[in-house]
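> Have a peek at coords.pdb (PDB, C-alpha atoms).
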```pdb
MODEL        1
ATOM      1  CA  GLY Q 733     -22.094   2.664   6.015
ATOM      2  CA  PHE Q 734     -20.336   4.944   3.567
ATOM      3  CA  ILE Q 735     -17.343   2.654   3.054
ATOM      4  CA  ASP Q 736     -19.535  -0.383   2.427
ATOM      5  CA  SER Q 737     -21.542   1.590  -0.163
ATOM      6  CA  HIS Q 738     -18.578   1.480  -2.546
ATOM      7  CA  GLU Q 739     -18.627  -1.055  -5.370
ATOM      8  CA  ALA Q 740     -15.319  -2.537  -4.220
ATOM      9  CA  VAL Q 741     -13.493  -2.247  -0.899
ATOM     10  CA  PHE Q 742      -9.762  -2.942  -0.525
ATOM     11  CA  ARG Q 743      -8.419  -3.749   2.931
ATOM     12  CA  LEU Q 744      -4.773  -3.764   3.923
ATOM     13  CA  ASN Q 745      -2.765  -6.456   5.673
ATOM     14  CA  ASN Q 746      -5.803  -8.235   7.091
ATOM     15  CA  ALA Q 747      -6.942  -5.308   9.222
ATOM     16  CA  ILE Q 748      -9.790  -6.646  11.324
ATOM     17  CA  THR Q 749     -13.280  -5.191  10.990
ATOM     18  CA  THR Q 750     -15.001  -6.963  13.894
ATOM     19  CA  GLY Q 751     -15.755  -4.388  16.544
ATOM     20  CA  PHE Q 752     -14.918  -1.499  14.228
ATOM     21  CA  GLU Q 753     -17.770  -1.815  11.735
ATOM     22  CA  ALA Q 754     -19.218   1.596  12.615
ATOM     23  CA  GLN Q 755     -15.941   3.276  11.660
ATOM     24  CA  VAL Q 756     -14.542   1.091   8.855
ATOM     25  CA  GLY Q 757     -17.481  -0.972   7.599
ATOM     26  CA  SER Q 758     -17.493  -4.732   7.077
ATOM     27  CA  LYS Q 759     -17.448  -5.228   3.306
ATOM     28  CA  THR Q 760     -14.241  -6.532   1.710
ATOM     29  CA  THR Q 761     -13.682  -7.222  -1.974
ATOM     30  CA  ILE Q 762      -9.890  -7.461  -2.141
ATOM     31  CA  ALA Q 763      -7.484  -8.289   0.666
ATOM     32  CA  PHE Q 764      -4.211  -6.583  -0.234
ATOM     33  CA  ILE Q 765      -1.337  -7.914   1.871
ATOM     34  CA  ASN Q 766       2.433  -7.966   1.833
ATOM     35  CA  SER Q 767       4.336 -11.216   2.075
ATOM     36  CA  ASN Q 768       5.367 -10.601   5.692
ATOM     37  CA  ILE Q 769       1.713 -11.124   6.616
ATOM     38  CA  LEU Q 770       1.569 -14.354   4.628
ATOM     39  CA  GLN Q 771       4.820 -15.582   6.155
ATOM     40  CA  SER Q 772       3.442 -15.174   9.670
ATOM     41  CA  CYS Q 773       0.309 -17.061   8.661
ATOM     42  CA  SER Q 774       2.106 -19.997   7.013
ATOM     43  CA  ARG Q 775       4.030 -20.713  10.213
ATOM     44  CA  ARG Q 776       0.898 -21.219  12.278
ATOM     45  CA  TYR Q 777      -0.933 -24.480  12.799
ATOM     46  CA  GLN Q 778      -4.108 -23.059  11.321
ATOM     47  CA  CYS Q 779      -4.040 -20.616   8.433
ATOM     48  CA  SER Q 780      -5.328 -17.173   9.409
ATOM     49  CA  CYS Q 781      -4.512 -15.192   6.284
ATOM     50  CA  ARG Q 782      -8.146 -15.140   5.149
ATOM     51  CA  PRO Q 783     -10.063 -13.259   7.855
ATOM     52  CA  TYR Q 784     -12.632 -11.989   5.351
ATOM     53  CA  GLY Q 785     -13.723 -15.427   4.168
ATOM     54  CA  PRO Q 786     -12.979 -17.717   1.205
ATOM     55  CA  ASN Q 787     -14.667 -15.533  -1.422
ATOM     56  CA  VAL Q 788     -12.384 -12.507  -0.977
ATOM     57  CA  ALA Q 789      -9.545 -12.229  -3.481
ATOM     58  CA  ILE Q 790      -6.003 -12.037  -2.100
ATOM     59  CA  VAL Q 791      -3.522  -9.732  -3.834
ATOM     60  CA  LEU Q 792       0.014  -9.872  -2.491
ATOM     61  CA  TYR Q 793       3.328  -8.220  -3.155
ATOM     62  CA  VAL Q 794       6.522 -10.058  -2.274
ATOM     63  CA  CYS Q 795       8.881  -8.244   0.105
ATOM     64  CA  GLN Q 796      11.573 -10.926  -0.080
ATOM     65  CA  LEU Q 797      12.039 -13.667  -2.664
ATOM     66  CA  ILE Q 798      12.161 -16.356   0.019
ATOM     67  CA  HIS Q 799       8.544 -15.519   0.828
ATOM     68  CA  LEU Q 800       7.531 -17.135  -2.464
ATOM     69  CA  MET Q 801       7.816 -20.413  -0.561
ATOM     70  CA  ASP Q 802       5.057 -19.187   1.736
ATOM     71  CA  VAL Q 803       2.944 -18.300  -1.283
ATOM     72  CA  VAL Q 804       3.313 -21.844  -2.603
ATOM     73  CA  TYR Q 805       2.491 -23.340   0.788
ATOM     74  CA  CYS Q 806      -0.550 -21.167   1.486
ATOM     75  CA  SER Q 807      -1.843 -21.618  -2.069
ATOM     76  CA  SER Q 808      -1.725 -25.383  -1.612
ATOM     77  CA  MET Q 809      -3.802 -25.060   1.565
ATOM     78  CA  LEU Q 810      -6.690 -23.249  -0.121
ATOM     79  CA  MET Q 811      -9.590 -25.676  -0.342
ATOM     80  CA  ASP Q 812     -11.683 -23.749  -2.878
ATOM     81  CA  ASN Q 813     -11.035 -22.238  -6.294
ATOM     82  CA  SER Q 814      -9.486 -19.022  -5.002
ATOM     83  CA  VAL Q 815      -5.867 -18.089  -5.609
ATOM     84  CA  ILE Q 816      -3.235 -15.757  -4.245
ATOM     85  CA  VAL Q 817      -2.400 -13.191  -6.925
ATOM     86  CA  VAL Q 818       1.192 -11.935  -6.733
ATOM     87  CA  THR Q 819       1.828  -8.449  -8.107
ATOM     88  CA  ASP Q 820       3.921  -8.125 -11.256
ATOM     89  CA  PRO Q 821       7.567  -7.120 -10.581
ATOM     90  CA  ARG Q 822       7.204  -4.350 -13.154
ATOM     91  CA  PHE Q 823       4.356  -2.901 -11.108
ATOM     92  CA  ASP Q 824       6.498  -3.160  -7.966
ATOM     93  CA  ALA Q 825       9.331  -1.332  -9.744
ATOM     94  CA  LEU Q 826       6.971   1.454 -10.837
ATOM     95  CA  CYS Q 827       5.794   1.942  -7.250
ATOM     96  CA  SER Q 828       9.383   2.150  -6.075
ATOM     97  CA  ARG Q 829      10.336   4.663  -8.768
ATOM     98  CA  ILE Q 830       7.438   6.989  -7.956
ATOM     99  CA  VAL Q 831       8.019   6.996  -4.199
ATOM    100  CA  LYS Q 832      11.758   7.503  -4.639
ATOM    101  CA  TYR Q 833      11.101  10.430  -6.963
ATOM    102  CA  TYR Q 834       8.890  12.144  -4.379
ATOM    103  CA  SER Q 835      11.269  11.277  -1.538
ATOM    104  CA  ILE Q 836      14.325  12.645  -3.347
ATOM    105  CA  ARG Q 837      12.481  15.792  -4.398
ATOM    106  CA  SER Q 838      11.304  16.451  -0.835
ATOM    107  CA  PHE Q 839      14.756  15.734   0.594
ATOM    108  CA  MET Q 840      16.448  18.185  -1.765
ATOM    109  CA  GLU Q 841      13.839  20.902  -1.153
ATOM    110  CA  MET Q 842      13.994  20.593   2.640
ATOM    111  CA  THR Q 843      17.767  20.238   3.064
ATOM    112  CA  GLY Q 844      19.308  21.918   0.041
ATOM    113  CA  TYR Q 845      21.521  18.851  -0.414
ATOM    114  CA  ASN Q 846      22.136  17.217  -3.766
ATOM    115  CA  VAL Q 847      20.706  13.903  -4.908
ATOM    116  CA  GLU Q 848      23.858  11.913  -4.109
ATOM    117  CA  GLU Q 849      23.324  12.580  -0.401
ATOM    118  CA  TRP Q 850      19.793  11.171  -0.371
ATOM    119  CA  THR Q 851      20.887   7.520  -0.406
ATOM    120  CA  GLN Q 852      22.932   7.820   2.768
ATOM    121  CA  ALA Q 853      20.201   9.762   4.556
ATOM    122  CA  HIS Q 854      17.527   7.212   3.669
ATOM    123  CA  ASP Q 855      19.594   4.027   3.905
ATOM    124  CA  GLY Q 856      19.031   3.444   0.208
ATOM    125  CA  PRO Q 857      19.149  -0.383   0.094
ATOM    126  CA  MET Q 858      16.403  -0.613   2.736
ATOM    127  CA  PHE Q 859      14.179   2.138   1.333
ATOM    128  CA  HIS Q 860      10.750   0.824   0.403
ATOM    129  CA  TYR Q 861       7.220   2.012  -0.232
ATOM    130  CA  SER Q 862       4.388   1.027   2.101
ATOM    131  CA  SER Q 863       1.688  -1.571   1.513
ATOM    132  CA  GLY Q 864      -0.860   1.211   1.433
ATOM    133  CA  PHE Q 865       0.954   2.994  -1.366
ATOM    134  CA  GLN Q 866       0.918  -0.047  -3.619
ATOM    135  CA  ALA Q 867      -2.732  -0.763  -2.850
ATOM    136  CA  ILE Q 868      -3.620   2.781  -3.906
ATOM    137  CA  MET Q 869      -1.551   2.367  -7.061
ATOM    138  CA  LEU Q 870      -3.551  -0.769  -7.853
ATOM    139  CA  ALA Q 871      -6.816   1.046  -7.208
ATOM    140  CA  ILE Q 872      -6.055   3.983  -9.512
ATOM    141  CA  ALA Q 873      -5.047   1.518 -12.211
ATOM    142  CA  ILE Q 874      -8.336  -0.419 -12.256
ATOM    143  CA  CYS Q 875     -10.991   1.927 -10.816
ATOM    144  CA  GLU Q 876     -12.823   4.909 -12.297
ATOM    145  CA  LYS Q 877     -13.152   6.566  -8.883
ATOM    146  CA  VAL Q 878     -11.052   6.000  -5.774
ATOM    147  CA  SER Q 879     -11.845   6.896  -2.151
ATOM    148  CA  ILE Q 880      -8.922   6.685   0.292
ATOM    149  CA  PHE Q 881      -9.745   6.149   3.967
ATOM    150  CA  GLY Q 882      -7.524   6.043   7.025
ATOM    151  CA  PHE Q 883      -4.400   7.557   5.504
ATOM    152  CA  GLY Q 884      -3.266  10.314   7.819
ATOM    153  CA  LYS Q 885      -3.621  10.764  11.536
ATOM    154  CA  ALA Q 886      -3.418  13.408  14.234
ATOM    155  CA  PRO Q 887      -0.407  13.427  16.579
ATOM    156  CA  GLY Q 888      -0.762  10.862  19.353
ATOM    157  CA  VAL Q 889      -3.262   8.716  17.465
ATOM    158  CA  LYS Q 890      -2.433   5.051  16.876
ATOM    159  CA  HIS Q 891      -0.776   4.191  13.560
ATOM    160  CA  HIS Q 892      -3.305   1.393  12.950
ATOM    161  CA  TYR Q 893      -6.832   1.566  14.322
ATOM    162  CA  HIS Q 894      -6.813  -2.169  15.109
ATOM    163  CA  THR Q 895      -3.403  -2.423  16.845
ATOM    164  CA  ASN Q 896      -1.508  -0.684  19.620
ATOM    165  CA  GLN Q 897       1.268   0.464  17.295
ATOM    166  CA  GLN Q 898       1.887   4.171  17.854
ATOM    167  CA  ALA Q 899       4.923   5.080  15.774
ATOM    168  CA  GLU Q 900       5.220   4.885  12.019
ATOM    169  CA  LEU Q 901       7.835   2.601  10.497
ATOM    170  CA  HIS Q 902      11.015   4.408   9.485
ATOM    171  CA  LEU Q 903      11.293   1.986   6.578
ATOM    172  CA  HIS Q 904       8.830   4.118   4.610
ATOM    173  CA  ASP Q 905       8.837   7.799   3.640
ATOM    174  CA  TYR Q 906       5.227   8.634   4.448
ATOM    175  CA  VAL Q 907       5.753  12.333   3.739
ATOM    176  CA  ALA Q 908       6.713  11.511   0.153
ATOM    177  CA  GLU Q 909       3.794   9.127  -0.247
ATOM    178  CA  TYR Q 910       1.324  11.734   1.018
ATOM    179  CA  GLN Q 911       2.645  14.276  -1.462
ATOM    180  CA  PHE Q 912       1.808  11.782  -4.177
ATOM    181  CA  TYR Q 913      -1.698  11.221  -2.764
ATOM    182  CA  HIS Q 914      -2.392  14.952  -2.730
ATOM    183  CA  ASP Q 915      -1.256  15.203  -6.354
ATOM    184  CA  LEU Q 916      -3.758  12.444  -7.136
ATOM    185  CA  VAL Q 917      -6.557  14.254  -5.308
ATOM    186  CA  HIS Q 918      -5.873  17.451  -7.254
ATOM    187  CA  ASN Q 919      -5.427  15.468 -10.490
ATOM    188  CA  ARG Q 920      -1.946  16.844 -11.035
ATOM    189  CA  SER Q 921      -1.001  14.229 -13.600
ATOM    190  CA  SER Q 922       1.621  16.554 -15.052
ATOM    191  CA  LEU Q 923       3.478  16.417 -11.719
ATOM    192  CA  VAL Q 924       3.470  12.629 -11.401
ATOM    193  CA  PRO Q 925       6.568  11.132 -13.019
ATOM    194  CA  PHE Q 926       6.338   8.348 -15.581
ATOM    195  CA  LEU Q 927       2.795   9.346 -16.601
ATOM    196  CA  LEU Q 928       3.584  12.089 -19.106
ATOM    197  CA  GLU Q 929       4.958   9.606 -21.653
ATOM    198  CA  THR Q 930       1.874   7.385 -21.375
ATOM    199  CA  ASN Q 931      -1.785   7.762 -22.258
ATOM    200  CA  PHE Q 932      -2.894   6.919 -18.725
ATOM    201  CA  THR Q 933      -5.544   9.201 -17.240
ATOM    202  CA  LEU Q 934      -5.843   9.519 -13.476
ATOM    203  CA  PRO Q 935      -9.263   8.636 -12.034
ATOM    204  CA  PHE Q 936     -11.145  10.887  -9.627
ATOM    205  CA  VAL Q 937      -9.517  10.481  -6.203
ATOM    206  CA  GLN Q 938     -10.902  11.625  -2.850
ATOM    207  CA  LEU Q 939      -8.904  11.440   0.387
ATOM    208  CA  TYR Q 940     -10.802  11.015   3.660
ATOM    209  CA  THR Q 941      -8.663  11.460   6.791
TER     210      THR Q 941
ENDMDL
END
```
Output the file's structure in the form of structure tokens.

Amino acid sequence: GFIDSHEAVFRLNNAITTGFEAQVGSKTTIAFINSNILQSCSRRYQCSCRPYGPNVAIVLYVCQLIHLMDVVYCSSMLMDNSVIVVTDPRFDALCSRIVKYYSIRSFMEMTGYNVEEWTQAHDGPMFHYSSGFQAIMLAIAICEKVSIFGFGKAPGVKHHYHTNQQAELHLHDYVAEYQFYHDLVHNRSSLVPFLLETNFTLPFVQLYT
């Protein structure tokens, strides 16, 4: 299929492919997960955090520091030469800064309020970017061309194709994240904060909804 024709395929949070191959393909190069997924796995009798097989790299970002214990445990259970790669905190901070920039900008434009009122409206301490956002950030950092699948849905459609979850998590500002994705698609590097002072060039990005 079209997805499998790509040189590398990233999948998020161990989304299953069995039974959905016609829609999402079956190839997986990198399994990008957040530490909540790993925590659930480490508390089971048999590890299930590797649904794509032992040869697929695991890249993980840590939601809470205590989850590093799960990383240590699951890493010790791997019987081959593979490892769990934890994202650099500086990369995590960059993701947070970009999403907050877009979220604050959207909030001010839609409400007319000032920036000080954003924190209360968004429960500042709990505000966080989604797993998908960080996976896309990783992709644009290492790939020459990026295709984004499954981001965006019609009203009434399930949030995840492989679960029964309907509503989106209020922990994330998906509107802000999608504004960033559309800036990527249109190669609006001048609109993306923290890029102007660098020599980084955005790759070609295509969004398939």
> Compile the contact shell of range 828-833 of chain Q as JSON, numbers by chain: residues with an atom at most 8 Å away, counting only C-alpha atoms, same-chain residues fewer than 2 positions apart removed.
{"Q": [824, 825, 826, 835, 836, 837, 860, 861, 905, 908, 909, 912, 924, 925, 926]}
> Can you list what the PyMOL selection byres ((chain Q and resi 793) around 9) grabs from this structure, as a list in words?
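That selection, the PyMOL selection byres ((chain Q and resi 793) around 9), comes back as Phe764, Ile765, Asn766, Ser767, Val791, Leu792, Val794, Cys795, Val817, Val818, Thr819, Asp820, Pro821, Asp824, Ser863 and Gln866 of chain Q.
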> Could you please determine the separation between CA of Asn787 in chain Q and CA of Ile868 in chain Q in Å, to one decimal place?
21.5 Å
> Please write as a ChimeraX atom specification the full residue list that the PyMOL selection byres ((chain Q and resi 734-740) around 6) yields on this file.
/Q:733,741,757,759,761
> At what distance in Å, to one decimal, does CA of Ser922 in chain Q lie from CA of Phe936 in chain Q?
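Here the two named atoms are 15.0 Å from each other.
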> Could you pull the residues within 9 Å of Asn746 in chain Q, counting all atoms listed in the file, minus those fewer than 6 positions along the same chain, as a PyMOL selection string?
chain Q and resi 763-765+769+781-784
> Between CA of Ala789 in chain Q and CA of Leu916 in chain Q, what is the distance in Å, rounded to a tenth?
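These atoms are spaced 25.6 Å apart.
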> Have a look at Q:Phe823, Q:Phe742, Q:Val756, Q:Ala853 and name the one nearest to Val788 in chain Q; count all atoms listed in the file.
Q:Phe742
> Please provide as a VMD selection string all residues within 7 Å of range 871-878 of chain Q, with the sequence filter that same-chain residues fewer than 2 positions apart are discarded (counting only C-alpha atoms).
chain Q and resid 867 to 869 880 934 to 938
> From the options Q:Met840, Q:Ile762, Q:Gln852, Q:Leu744, which residue's atoms come nearest to Ile816 in chain Q, counting only C-alpha atoms?
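Using only C-alpha atoms, Ile816 in chain Q sits closest to Q:Ile762.
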> Taking only C-alpha atoms into account, name the residue in Q:Thr851, Q:Leu939, Q:Asn846, Q:Tyr910 that is nearest to Phe865 in chain Q.
Q:Tyr910
